[in-house]
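Here is the file model_7.cif (mmCIF, C-alpha atoms and all ligand atoms).
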```cif
data_target
loop_
_atom_site.label_atom_id
_atom_site.label_comp_id
_atom_site.auth_asym_id
_atom_site.auth_seq_id
_atom_site.Cartn_x
_atom_site.Cartn_y
_atom_site.Cartn_z
CA MET A 214 9.99 5.17 -17.67
CA HIS A 215 7.27 7.65 -16.75
CA VAL A 216 5.06 6.05 -14.08
CA ALA A 217 1.79 7.49 -12.79
CA ILE A 218 -0.09 6.28 -9.70
CA LEU A 219 -3.76 7.15 -9.37
CA GLY A 220 -4.65 6.60 -5.70
CA ALA A 221 -1.10 7.33 -4.52
CA THR A 222 -2.23 8.42 -1.04
CA GLY A 223 -4.20 5.22 -0.30
CA ALA A 224 -3.21 1.96 1.38
CA VAL A 225 -2.35 0.29 -1.94
CA GLY A 226 -0.87 3.41 -3.58
CA ARG A 227 1.59 3.97 -0.74
CA THR A 228 2.58 0.31 -0.85
CA MET A 229 3.14 0.65 -4.61
CA LEU A 230 5.64 3.40 -3.93
CA ASP A 231 7.51 1.12 -1.51
CA VAL A 232 7.46 -1.79 -3.95
CA LEU A 233 8.63 0.33 -6.91
CA ALA A 234 11.60 1.48 -4.84
CA GLU A 235 12.44 -1.98 -3.43
CA ARG A 236 12.31 -3.64 -6.84
CA GLU A 237 14.27 -0.79 -8.44
CA PHE A 238 11.62 -0.31 -11.09
CA PRO A 239 13.13 2.01 -13.72
CA VAL A 240 11.25 5.20 -12.80
CA ASP A 241 12.57 8.33 -14.56
CA GLU A 242 9.48 10.39 -13.97
CA LEU A 243 6.72 9.95 -11.41
CA THR A 244 3.23 11.47 -11.38
CA LEU A 245 1.23 11.02 -8.17
CA LEU A 246 -2.53 11.47 -8.32
CA ALA A 247 -5.39 11.26 -5.85
CA SER A 248 -8.65 13.07 -5.10
CA GLU A 249 -9.30 16.80 -4.65
CA ARG A 250 -8.95 16.12 -0.90
CA SER A 251 -5.21 15.46 -1.29
CA ALA A 252 -4.48 17.78 -4.21
CA GLY A 253 -1.49 20.01 -3.43
CA SER A 254 -0.24 17.86 -0.54
CA ARG A 255 3.20 16.30 -0.79
CA LEU A 256 4.63 12.79 -0.66
CA SER A 257 8.31 11.96 -0.60
CA TRP A 258 9.76 9.06 -2.55
CA GLN A 259 13.42 8.13 -2.95
CA GLY A 260 14.53 11.40 -1.39
CA ARG A 261 12.39 13.62 -3.63
CA GLU A 262 9.19 15.49 -2.86
CA TYR A 263 6.20 15.09 -5.17
CA THR A 264 3.06 17.21 -5.21
CA ILE A 265 -0.18 15.25 -5.47
CA GLY A 266 -2.32 16.16 -8.46
CA THR A 267 -5.74 15.12 -9.69
CA PRO A 268 -6.33 13.45 -13.06
CA ARG A 269 -7.28 15.79 -15.90
CA ASP A 270 -7.34 15.70 -19.70
CA GLY A 271 -3.75 15.18 -20.83
CA THR A 272 -2.45 13.93 -17.45
CA PHE A 273 -1.50 10.55 -18.95
CA ARG A 274 0.12 11.87 -22.13
CA GLY A 275 3.75 10.70 -22.07
CA VAL A 276 3.06 8.24 -19.22
CA ASP A 277 4.34 4.71 -19.95
CA VAL A 278 2.68 2.81 -17.10
CA ALA A 279 -0.28 4.02 -15.03
CA LEU A 280 -0.94 2.10 -11.83
CA PHE A 281 -4.54 2.63 -10.70
CA SER A 282 -5.77 2.08 -7.14
CA ALA A 283 -8.50 4.63 -6.59
CA GLY A 284 -11.64 2.46 -6.73
CA GLY A 285 -13.89 1.18 -9.49
CA ALA A 286 -15.65 4.44 -10.38
CA ARG A 287 -12.33 6.25 -11.03
CA SER A 288 -11.02 3.29 -13.02
CA ARG A 289 -14.12 3.12 -15.18
CA GLU A 290 -13.77 6.84 -15.90
CA TRP A 291 -9.99 7.21 -16.21
CA ALA A 292 -8.54 3.89 -17.42
CA PRO A 293 -9.86 4.23 -21.02
CA ARG A 294 -8.81 7.89 -21.10
CA ALA A 295 -5.30 7.06 -19.83
CA ALA A 296 -5.03 4.23 -22.38
CA GLU A 297 -6.23 6.60 -25.10
CA GLU A 298 -3.48 9.03 -24.10
CA GLY A 299 -0.92 6.23 -24.56
CA ALA A 300 -0.38 4.81 -21.06
CA LEU A 301 -0.57 1.10 -20.27
CA VAL A 302 -2.95 0.87 -17.33
CA VAL A 303 -2.61 -1.73 -14.56
CA ASP A 304 -5.83 -1.46 -12.60
CA ASN A 305 -6.37 -2.70 -9.05
CA SER A 306 -10.12 -2.14 -8.92
CA SER A 307 -12.77 -4.65 -9.92
CA ALA A 308 -14.01 -2.42 -12.77
CA TRP A 309 -12.36 -4.26 -15.69
CA ARG A 310 -11.54 -7.70 -14.29
CA MET A 311 -14.27 -9.66 -16.02
CA ASP A 312 -14.12 -7.76 -19.33
CA PRO A 313 -13.21 -10.40 -21.95
CA GLU A 314 -10.91 -7.91 -23.69
CA VAL A 315 -8.97 -7.16 -20.49
CA PRO A 316 -6.43 -9.69 -19.21
CA LEU A 317 -6.68 -10.57 -15.51
CA VAL A 318 -3.15 -11.46 -14.56
CA VAL A 319 -1.09 -13.07 -11.82
CA PRO A 320 2.42 -13.32 -13.27
CA GLU A 321 3.16 -16.67 -11.56
CA VAL A 322 -0.01 -18.17 -13.08
CA ASN A 323 -0.95 -16.67 -16.46
CA PRO A 324 1.69 -14.22 -17.76
CA GLU A 325 0.80 -15.27 -21.32
CA ALA A 326 -2.54 -13.41 -20.94
CA LEU A 327 -0.60 -10.12 -21.07
CA SER A 328 -0.26 -10.43 -24.83
CA ASN A 329 -3.95 -9.47 -25.23
CA ARG A 330 -3.73 -5.74 -24.54
CA SER A 331 -6.23 -4.47 -27.07
CA LYS A 332 -7.79 -2.01 -24.59
CA GLY A 333 -4.46 -0.95 -23.07
CA ILE A 334 -5.77 -2.04 -19.66
CA ILE A 335 -4.59 -4.96 -17.53
CA ALA A 336 -6.57 -5.91 -14.45
CA ASN A 337 -5.04 -6.94 -11.15
CA PRO A 338 -7.23 -9.57 -9.45
CA ASN A 339 -8.95 -9.33 -6.09
CA CYS A 340 -6.47 -9.65 -3.20
CA SER A 341 -7.74 -13.00 -1.84
CA THR A 342 -8.03 -14.39 -5.35
CA ILE A 343 -4.34 -13.73 -6.02
CA GLN A 344 -3.08 -15.82 -3.11
CA VAL A 345 -5.60 -18.57 -3.85
CA VAL A 346 -4.55 -18.98 -7.49
CA VAL A 347 -0.81 -18.79 -6.71
CA ALA A 348 -1.34 -21.78 -4.38
CA LEU A 349 -3.82 -23.63 -6.61
CA GLN A 350 -2.01 -23.43 -9.94
CA PRO A 351 0.98 -25.72 -9.16
CA ILE A 352 -1.36 -28.30 -7.64
CA HIS A 353 -3.66 -27.97 -10.63
CA ARG A 354 -0.77 -28.55 -13.05
CA ALA A 355 0.21 -31.70 -11.15
CA ALA A 356 -3.14 -33.28 -10.43
CA GLY A 357 -6.04 -31.22 -11.83
CA VAL A 358 -8.15 -29.23 -9.38
CA THR A 359 -11.82 -30.13 -9.70
CA ARG A 360 -13.43 -28.35 -6.75
CA VAL A 361 -12.49 -25.84 -4.04
CA VAL A 362 -14.30 -24.97 -0.81
CA LEU A 363 -12.67 -22.11 1.05
CA THR A 364 -13.06 -19.69 3.93
CA THR A 365 -11.14 -16.41 4.05
CA PHE A 366 -9.99 -14.45 7.10
CA GLN A 367 -9.44 -11.02 5.57
CA SER A 368 -7.60 -8.14 7.22
CA VAL A 369 -9.07 -4.68 7.71
CA SER A 370 -6.51 -3.07 5.36
CA GLY A 371 -8.31 -4.91 2.56
CA ALA A 372 -10.88 -2.13 2.98
CA GLY A 373 -8.21 0.56 2.64
CA GLU A 374 -7.18 3.26 5.10
CA LYS A 375 -10.75 3.54 6.41
CA GLY A 376 -10.67 -0.12 7.42
CA ARG A 377 -7.43 0.32 9.34
CA GLU A 378 -8.75 3.43 11.04
CA ALA A 379 -11.97 1.67 12.08
CA LEU A 380 -9.99 -1.10 13.80
CA ARG A 381 -7.71 1.47 15.49
CA GLN A 382 -10.63 3.51 16.83
CA GLU A 383 -12.72 0.55 17.97
CA SER A 384 -9.71 -1.08 19.64
CA ALA A 385 -9.26 2.18 21.60
CA GLY A 386 -12.88 1.95 22.75
CA GLN A 387 -14.15 4.66 20.39
CA SER A 388 -16.88 4.33 17.80
CA ALA A 389 -15.71 4.40 14.18
CA ALA A 390 -18.07 6.79 12.43
CA ASP A 391 -16.50 6.24 8.99
CA SER A 392 -16.14 2.44 9.26
CA PRO A 393 -16.47 0.56 5.95
CA PHE A 394 -17.71 -2.53 7.86
CA THR A 395 -21.33 -3.48 8.53
CA ARG A 396 -20.58 -4.54 12.14
CA SER A 397 -17.99 -3.66 14.78
CA ILE A 398 -14.70 -5.17 13.72
CA ALA A 399 -12.63 -5.06 16.95
CA ALA A 400 -12.81 -8.44 18.76
CA ASN A 401 -15.22 -9.69 16.11
CA ALA A 402 -15.50 -11.67 12.85
CA VAL A 403 -17.85 -10.39 10.16
CA PRO A 404 -18.95 -12.86 7.45
CA GLN A 405 -19.83 -10.13 4.98
CA ILE A 406 -17.51 -8.43 2.49
CA GLY A 407 -19.57 -6.36 0.06
CA PRO A 408 -23.31 -6.53 -0.46
CA PHE A 409 -25.17 -9.86 -0.59
CA ASP A 410 -26.98 -10.86 -3.78
CA ALA A 411 -30.44 -12.42 -3.99
CA ASP A 412 -28.94 -15.91 -3.44
CA GLY A 413 -27.05 -14.86 -0.30
CA TRP A 414 -23.53 -14.67 -1.80
CA SER A 415 -21.47 -11.57 -1.01
CA GLU A 416 -19.82 -9.49 -3.72
CA GLU A 417 -16.37 -10.64 -2.54
CA GLU A 418 -17.49 -14.29 -2.73
CA ARG A 419 -18.72 -13.79 -6.30
CA LYS A 420 -15.31 -12.33 -7.20
CA MET A 421 -13.64 -15.39 -5.71
CA ILE A 422 -15.79 -17.66 -7.86
CA ASN A 423 -15.39 -15.77 -11.14
CA GLU A 424 -11.81 -14.49 -11.05
CA PRO A 425 -9.93 -17.79 -10.47
CA ARG A 426 -11.91 -19.32 -13.35
CA LYS A 427 -10.71 -16.58 -15.71
CA ILE A 428 -7.09 -16.55 -14.47
CA MET A 429 -6.69 -20.35 -14.47
CA GLY A 430 -8.69 -20.78 -17.68
CA ILE A 431 -11.12 -23.29 -16.12
CA SER A 432 -14.52 -21.85 -16.91
CA ASP A 433 -16.44 -24.46 -14.90
CA LEU A 434 -14.19 -24.70 -11.83
CA ARG A 435 -16.44 -25.39 -8.83
CA ILE A 436 -15.61 -22.93 -6.02
CA ALA A 437 -17.61 -22.28 -2.84
CA PRO A 438 -16.09 -19.37 -0.86
CA THR A 439 -17.11 -17.82 2.45
CA CYS A 440 -15.40 -14.46 2.98
CA VAL A 441 -14.93 -13.18 6.52
CA ARG A 442 -13.46 -9.88 7.75
CA VAL A 443 -11.34 -10.29 10.90
CA PRO A 444 -9.59 -7.78 13.18
CA VAL A 445 -6.13 -8.29 11.69
CA GLU A 446 -4.35 -5.22 10.32
CA VAL A 447 -2.54 -6.71 7.32
CA SER A 448 -2.54 -10.08 5.45
CA HIS A 449 -5.38 -12.31 4.43
CA SER A 450 -5.54 -16.00 5.41
CA VAL A 451 -7.50 -18.65 3.52
CA GLU A 452 -8.42 -22.19 4.55
CA MET A 453 -8.94 -24.20 1.38
CA MET A 454 -10.34 -27.67 0.77
CA VAL A 455 -9.10 -28.71 -2.67
CA GLU A 456 -10.47 -31.71 -4.55
CA LEU A 457 -8.06 -33.16 -7.12
CA GLY A 458 -8.41 -35.20 -10.29
CA ARG A 459 -5.77 -37.63 -9.04
CA ASP A 460 -4.43 -38.41 -5.60
CA LEU A 461 -1.27 -36.74 -4.29
CA SER A 462 0.57 -37.66 -1.10
CA ARG A 463 1.37 -34.98 1.46
CA GLU A 464 5.04 -35.30 0.57
CA GLU A 465 4.28 -34.82 -3.13
CA VAL A 466 2.26 -31.70 -2.33
CA MET A 467 5.12 -30.27 -0.26
CA ALA A 468 7.57 -31.04 -3.07
CA ILE A 469 5.29 -29.31 -5.60
CA PHE A 470 5.02 -26.20 -3.43
CA SER A 471 8.74 -26.10 -2.73
CA GLU A 472 9.29 -25.69 -6.49
CA ALA A 473 6.35 -23.35 -7.10
CA PRO A 474 7.11 -19.73 -8.06
CA GLY A 475 6.20 -17.19 -5.38
CA VAL A 476 5.28 -19.83 -2.77
CA VAL A 477 6.94 -20.49 0.60
CA VAL A 478 6.01 -23.73 2.39
CA ALA A 479 5.91 -23.63 6.16
CA GLU A 480 6.76 -27.13 7.27
CA ALA A 481 5.76 -29.26 10.27
CA PRO A 482 6.02 -29.67 13.21
CA ASP A 483 5.11 -26.09 14.16
CA GLY A 484 5.59 -24.36 10.84
CA PHE A 485 2.44 -22.59 9.83
CA PRO A 486 2.19 -19.07 8.49
CA THR A 487 0.24 -16.36 10.29
CA PRO A 488 -0.80 -12.93 8.99
CA ARG A 489 2.03 -11.35 10.97
CA ASP A 490 4.57 -13.67 9.32
CA ALA A 491 3.35 -12.70 5.85
CA ALA A 492 3.04 -8.93 6.49
CA GLY A 493 5.68 -7.00 4.57
CA ARG A 494 6.53 -10.03 2.42
CA ASP A 495 5.81 -10.62 -1.26
CA GLU A 496 5.42 -14.41 -1.24
CA VAL A 497 2.35 -16.57 -0.69
CA PHE A 498 2.82 -18.77 2.39
CA VAL A 499 1.30 -22.26 2.54
CA GLY A 500 1.04 -24.48 5.62
CA ARG A 501 -1.18 -26.97 7.50
CA ILE A 502 -1.03 -29.26 4.46
CA ARG A 503 -3.27 -32.24 5.17
CA LYS A 504 -5.14 -34.90 3.26
CA ASP A 505 -8.83 -35.10 4.08
CA LEU A 506 -9.56 -38.13 6.26
CA HIS A 507 -12.89 -38.95 4.62
CA ILE A 508 -13.01 -37.56 1.08
CA PRO A 509 -10.62 -39.14 -1.45
CA ARG A 510 -8.17 -37.00 -3.50
CA THR A 511 -8.82 -34.01 -1.25
CA LEU A 512 -6.36 -31.66 0.46
CA HIS A 513 -6.63 -28.96 3.08
CA LEU A 514 -4.32 -25.94 2.88
CA TRP A 515 -3.78 -22.78 4.93
CA VAL A 516 -2.65 -19.96 2.64
CA VAL A 517 -1.52 -16.53 3.87
CA ALA A 518 -0.28 -13.43 2.01
CA ASP A 519 0.08 -9.69 2.51
CA ASN A 520 -3.01 -8.25 0.81
CA LEU A 521 -1.42 -4.85 0.21
CA ARG A 522 1.70 -6.38 -1.37
CA LYS A 523 1.13 -9.65 -3.27
CA GLY A 524 -2.63 -9.05 -3.10
CA ALA A 525 -2.30 -5.65 -4.78
CA ALA A 526 0.87 -3.53 -5.15
CA THR A 527 3.48 -6.23 -5.75
CA ASN A 528 1.31 -8.06 -8.26
CA ALA A 529 0.66 -4.78 -10.11
CA VAL A 530 4.37 -3.90 -10.20
CA GLN A 531 5.24 -7.43 -11.36
CA ILE A 532 2.78 -6.92 -14.23
CA ALA A 533 4.40 -3.56 -15.01
CA GLU A 534 7.82 -5.27 -15.04
CA GLU A 535 6.54 -7.80 -17.60
CA LEU A 536 5.21 -4.94 -19.72
CA VAL A 537 8.53 -3.11 -19.57
CA VAL A 538 10.32 -6.25 -20.78
CA ALA A 539 7.72 -6.67 -23.56
CA ARG A 540 8.09 -3.01 -24.62
CA SER A 541 11.85 -3.09 -24.70
CA GLY A 542 11.92 -6.54 -26.39
N1 LIG A 601 -6.58 -2.70 0.18
C1 LIG A 601 -6.36 -3.84 -0.45
O1 LIG A 601 -5.90 -4.84 0.13
C2 LIG A 601 -6.67 -3.95 -1.91
C3 LIG A 601 -6.28 -5.12 -2.57
C4 LIG A 601 -6.57 -5.25 -3.93
C5 LIG A 601 -7.22 -4.24 -4.59
N2 LIG A 601 -7.60 -3.10 -3.91
C6 LIG A 601 -8.27 -2.06 -4.67
O2 LIG A 601 -7.41 -0.94 -4.77
C7 LIG A 601 -8.15 0.27 -4.77
C8 LIG A 601 -7.64 1.18 -3.66
O3 LIG A 601 -7.74 0.53 -2.41
P1 LIG A 601 -7.07 1.09 -1.10
O4 LIG A 601 -7.20 -0.01 -0.13
O5 LIG A 601 -5.74 1.68 -1.37
O6 LIG A 601 -8.10 2.28 -0.71
P2 LIG A 601 -7.86 3.62 0.12
O7 LIG A 601 -6.83 3.43 1.16
O8 LIG A 601 -9.21 4.06 0.51
O9 LIG A 601 -7.26 4.63 -0.99
C9 LIG A 601 -8.07 5.13 -2.03
C10 LIG A 601 -7.23 6.03 -2.92
O10 LIG A 601 -8.06 6.48 -3.99
C11 LIG A 601 -8.02 7.91 -4.04
N3 LIG A 601 -9.29 8.48 -4.51
C12 LIG A 601 -10.51 8.38 -3.91
N4 LIG A 601 -11.44 9.09 -4.63
C13 LIG A 601 -10.77 9.63 -5.68
C14 LIG A 601 -11.15 10.49 -6.74
N5 LIG A 601 -12.41 10.93 -6.88
N6 LIG A 601 -10.22 10.85 -7.65
C15 LIG A 601 -8.93 10.44 -7.53
N7 LIG A 601 -8.50 9.64 -6.51
C16 LIG A 601 -9.41 9.24 -5.61
C17 LIG A 601 -7.75 8.32 -2.61
O11 LIG A 601 -7.27 9.64 -2.57
P3 LIG A 601 -7.51 10.60 -1.27
O12 LIG A 601 -6.45 10.20 -0.28
O13 LIG A 601 -7.28 11.95 -1.85
O14 LIG A 601 -8.89 10.36 -0.78
C18 LIG A 601 -6.70 7.27 -2.22
O15 LIG A 601 -5.45 7.64 -2.75
C19 LIG A 601 -9.62 -0.14 -4.64
O16 LIG A 601 -10.18 -0.23 -5.93
C20 LIG A 601 -9.53 -1.51 -4.01
O17 LIG A 601 -10.64 -2.32 -4.33
C21 LIG A 601 -7.33 -2.94 -2.60
#
```
Show the structure stored in the file as structure tokens.
Ligand SMILES: NC(=O)c1ccc[n+]([C@@H]2O[C@H](COP(=O)([O-])OP(=O)(O)OC[C@H]3O[C@@H](n4cnc5c(N)ncnc54)[C@H](OP(=O)(O)O)[C@@H]3O)[C@@H](O)[C@H]2O)c1
Amino acid sequence: MHVAILGATGAVGRTMLDVLAEREFPVDELTLLASERSAGSRLSWQGREYTIGTPRDGTFRGVDVALFSAGGARSREWAPRAAEEGALVVDNSSAWRMDPEVPLVVPEVNPEALSNRSKGIIANPNCSTIQVVVALQPIHRAAGVTRVVLTTFQSVSGAGEKGREALRQESAGQSAADSPFTRSIAANAVPQIGPFDADGWSEEERKMINEPRKIMGISDLRIAPTCVRVPVEVSHSVEMMVELGRDLSREEVMAIFSEAPGVVVAEAPDGFPTPRDAAGRDEVFVGRIRKDLHIPRTLHLWVVADNLRKGAATNAVQIAEELVVARSG
């Protein structure tokens, strides 16, 4: 399989290289691409050195799977061109997610959506959305989710290498000139991820309303998110209040999660997942499972996952694995 990665030098791109190796993805040929800034520099993978290139006409000819993680503008420009040249594109940016002709896929939730590949592009959802739908779907199948109110605690690596660097510099008492955040992030919590719209919702919150609806196929699912950036290096945490169509006991919920694909339940008395526990792991961790004391048929969950892995690279490679199976089948 000829695999190309656009954005290979970034936080997600480097994690993709790790995940491809760990999962023994059948890579025969590898093309690593980034911006002019990195062109000519070298990255090693599986004992071989690769020179970073930049995308040009013809770059994707002969490529089977192109994994994109270089931002929306590059995806808008290059995904259709790569598809035209014959590559199947799995795109991590938000550029194509809400296009009705592009499937938005989390393999544990809606693998069947992969059959609609008319544009040759498959979108990987937003990082927080992925962990939310992996946790919601098994509960939805059992009892019907009718409403979700959630708050995220999102790590700085969700904003790429610049986010990590800003936390490093500020934690060392320096100012972070190139920070992607609108406030200091060290020893702080910033309830803004992306610009606010006229109604006061941030771009990230809008994604977390729209994307789960598309992935879960519930066009009117009521979701009220508040997205917060916190000074954690890796892994996003989400506190979710989930209203159900029918009541489930705590034990039933734990049993459902223990069977759910890609989910690990952290059990009482002191079992709850933290961002450090989830970092470097591919599963979605669920803990603090409680029934609301006042609102019927309502649960509270604490859901944690590595945003660079399940929230981006692992999910993209899982999609690529499904495509390989489909191609060879
Ligand atoms: N971080 C996450 O948790 C996460 C989760 C889900 C989705 N995503 C999405 O994944 C994408 C990448 O995120 P990231 O966190 O990896 O960002 P990042 O660390 O800033 O990396 C960005 C990558 O894009 C490349 N790039 C930038 N401008 C380019 C250009 N003009 N042409 C070609 N390549 C270019 C960069 O290359 P240089 O090194 O040469 O600048 C780098 O390899 C974004 O769309 C983001 O929204 C991120």
**Q.** Proximity to Leu280 of chain A - best of A:Ala529, A:Val318, A:Val499, A:Leu521, only C-alpha atoms
**A.**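 For Leu280 of chain A, the nearest of the candidates is A:Ala529.
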Q) So which one's closest to Ala473 of chain A, A:Ala247, A:Leu327, A:Cys340, A:Ala355? Using all atoms listed in the file, please. A) A:Ala355
Q: For atom O16 of ligand LIG 601 (chain A) and atom CA of Glu383 of chain A, determine how far apart the two atoms are, in Å to one decimal place.
A: 24.0 Å
**Q.** Distance criterion (all atoms listed in the file): nearest to ligand LIG 601 (chain A) out of A:Ser306, A:Asn401, A:Ser331, A:Ser254
**A.**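 Among the listed residues, the smallest separation from ligand LIG 601 (chain A) belongs to A:Ser306.
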Surrounding residues of segment 424-431 of chain A excluding itself and chain neighbours under 3 positions, 12 Å, all atoms listed in the file, as a PDB file with C-alpha atoms, in the coordinates of the input:
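Just written: selection_27.pdb:
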```pdb
ATOM      1  CA  SER A 307     -12.770  -4.650  -9.920  1.00  0.00           C
ATOM      2  CA  TRP A 309     -12.360  -4.260 -15.690  1.00  0.00           C
ATOM      3  CA  ARG A 310     -11.540  -7.700 -14.290  1.00  0.00           C
ATOM      4  CA  MET A 311     -14.270  -9.660 -16.020  1.00  0.00           C
ATOM      5  CA  ASP A 312     -14.120  -7.760 -19.330  1.00  0.00           C
ATOM      6  CA  PRO A 313     -13.210 -10.400 -21.950  1.00  0.00           C
ATOM      7  CA  GLU A 314     -10.910  -7.910 -23.690  1.00  0.00           C
ATOM      8  CA  VAL A 315      -8.970  -7.160 -20.490  1.00  0.00           C
ATOM      9  CA  PRO A 316      -6.430  -9.690 -19.210  1.00  0.00           C
ATOM     10  CA  LEU A 317      -6.680 -10.570 -15.510  1.00  0.00           C
ATOM     11  CA  VAL A 318      -3.150 -11.460 -14.560  1.00  0.00           C
ATOM     12  CA  VAL A 319      -1.090 -13.070 -11.820  1.00  0.00           C
ATOM     13  CA  PRO A 320       2.420 -13.320 -13.270  1.00  0.00           C
ATOM     14  CA  GLU A 321       3.160 -16.670 -11.560  1.00  0.00           C
ATOM     15  CA  VAL A 322      -0.010 -18.170 -13.080  1.00  0.00           C
ATOM     16  CA  ASN A 323      -0.950 -16.670 -16.460  1.00  0.00           C
ATOM     17  CA  PRO A 324       1.690 -14.220 -17.760  1.00  0.00           C
ATOM     18  CA  GLU A 325       0.800 -15.270 -21.320  1.00  0.00           C
ATOM     19  CA  ALA A 326      -2.540 -13.410 -20.940  1.00  0.00           C
ATOM     20  CA  LEU A 327      -0.600 -10.120 -21.070  1.00  0.00           C
ATOM     21  CA  ALA A 336      -6.570  -5.910 -14.450  1.00  0.00           C
ATOM     22  CA  ASN A 337      -5.040  -6.940 -11.150  1.00  0.00           C
ATOM     23  CA  PRO A 338      -7.230  -9.570  -9.450  1.00  0.00           C
ATOM     24  CA  ASN A 339      -8.950  -9.330  -6.090  1.00  0.00           C
ATOM     25  CA  CYS A 340      -6.470  -9.650  -3.200  1.00  0.00           C
ATOM     26  CA  SER A 341      -7.740 -13.000  -1.840  1.00  0.00           C
ATOM     27  CA  THR A 342      -8.030 -14.390  -5.350  1.00  0.00           C
ATOM     28  CA  ILE A 343      -4.340 -13.730  -6.020  1.00  0.00           C
ATOM     29  CA  GLN A 344      -3.080 -15.820  -3.110  1.00  0.00           C
ATOM     30  CA  VAL A 345      -5.600 -18.570  -3.850  1.00  0.00           C
ATOM     31  CA  VAL A 346      -4.550 -18.980  -7.490  1.00  0.00           C
ATOM     32  CA  VAL A 347      -0.810 -18.790  -6.710  1.00  0.00           C
ATOM     33  CA  ALA A 348      -1.340 -21.780  -4.380  1.00  0.00           C
ATOM     34  CA  LEU A 349      -3.820 -23.630  -6.610  1.00  0.00           C
ATOM     35  CA  GLN A 350      -2.010 -23.430  -9.940  1.00  0.00           C
ATOM     36  CA  PRO A 351       0.980 -25.720  -9.160  1.00  0.00           C
ATOM     37  CA  ILE A 352      -1.360 -28.300  -7.640  1.00  0.00           C
ATOM     38  CA  HIS A 353      -3.660 -27.970 -10.630  1.00  0.00           C
ATOM     39  CA  ARG A 354      -0.770 -28.550 -13.050  1.00  0.00           C
ATOM     40  CA  GLY A 357      -6.040 -31.220 -11.830  1.00  0.00           C
ATOM     41  CA  VAL A 358      -8.150 -29.230  -9.380  1.00  0.00           C
ATOM     42  CA  THR A 359     -11.820 -30.130  -9.700  1.00  0.00           C
ATOM     43  CA  ARG A 360     -13.430 -28.350  -6.750  1.00  0.00           C
ATOM     44  CA  VAL A 361     -12.490 -25.840  -4.040  1.00  0.00           C
ATOM     45  CA  GLU A 416     -19.820  -9.490  -3.720  1.00  0.00           C
ATOM     46  CA  GLU A 417     -16.370 -10.640  -2.540  1.00  0.00           C
ATOM     47  CA  GLU A 418     -17.490 -14.290  -2.730  1.00  0.00           C
ATOM     48  CA  ARG A 419     -18.720 -13.790  -6.300  1.00  0.00           C
ATOM     49  CA  LYS A 420     -15.310 -12.330  -7.200  1.00  0.00           C
ATOM     50  CA  MET A 421     -13.640 -15.390  -5.710  1.00  0.00           C
ATOM     51  CA  LEU A 434     -14.190 -24.700 -11.830  1.00  0.00           C
ATOM     52  CA  ARG A 435     -16.440 -25.390  -8.830  1.00  0.00           C
ATOM     53  CA  ILE A 436     -15.610 -22.930  -6.020  1.00  0.00           C
ATOM     54  CA  ALA A 437     -17.610 -22.280  -2.840  1.00  0.00           C
ATOM     55  CA  PRO A 438     -16.090 -19.370  -0.860  1.00  0.00           C
TER      56      PRO A 438
END
```
(Q) So that I can see what lies close to Trp414 of chain A, please list as a PyMOL selection string the residues with an atom at most 10 Å from it, counting all atoms listed in the file and leaving out residues fewer than 5 positions away in the same chain. (A) chain A and resi 405-409+419+437-440
Q. Could you name the residues that touch Pro488 of chain A at 10 Å or less, counting only C-alpha atoms, but leaving out those on the same chain fewer than 4 positions away, as a list in words?
A.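 Neighbouring residues, sequence-local ones excluded: Phe366, Gln367, Ser368, Val445, Glu446, Val447, Ser448, His449, Ser450, Ala492, Gly493, Phe498, Val516, Val517, Ala518, Asp519 and Asn520 of chain A.
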Q.
Give me, as a VMD selection string, the set of residues whose atoms come within 6 Å of any atom of ligand LIG 601 (chain A), counting all atoms listed in the file.
A. chain A and resid 220 to 226 247 to 251 282 to 285 305 to 306 339 to 340 370 to 374 520 to 521 524 to 525
**Q.** Among listed residues A:Val538, A:Leu461, A:Val497, A:Ile502, nearest Val476 of chain A (using all atoms listed in the file)
**A.** A:Val497
Q: Could you tell me how far atom CA of Thr364 of chain A lies from atom CA of Ile532 of chain A, in Å and to one decimal?
A: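 Interatomic distance, atom CA of Thr364 of chain A to atom CA of Ile532 of chain A: 27.3 Å.
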**Q.** Nearest to Asn528 of chain A, chosen from A:Gly458, A:Gly475, A:Gly376, A:Gly271, with all atoms listed in the file counted in the distances
**A.**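 Smallest separation from Asn528 of chain A among the options: A:Gly475.
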Q: Could you please determine the separation between atom CA of Pro393 of chain A and atom CA of Asp490 of chain A in Å, to one decimal place?
A: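 Distance reported for this atom pair: 25.6 Å.
With all atoms listed in the file as the basis for measurement, A:Leu514 is the residue among A:Ala385, A:Leu514, A:Ala234, A:Ala308 that approaches Val451 of chain A most closely.
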**Q.** Spatial neighbours of Gly275 of chain A, 7 Å, all atoms listed in the file, chain gap at least 2 places, as an NGL selection string
**A.** :A and (273 or 277 or 299)
As AutoDock Vina command-line options, please report the centre and edge lengths, rounded to one decimal in Å, of the axis-aligned box that holds all listed atoms of segment 387-394 of chain A with 3 Å of padding on each of the six sides.
```
--center_x -16.1 --center_y 2.1 --center_z 13.2 --size_x 9.9 --size_y 15.3 --size_z 20.4
```
Q: Quick one: everything within 8 Å of Glu242 of chain A, counting all atoms listed in the file, minus sequence neighbours fewer than 6 positions away in the same chain. Send it as a count of residues only.
A: 3
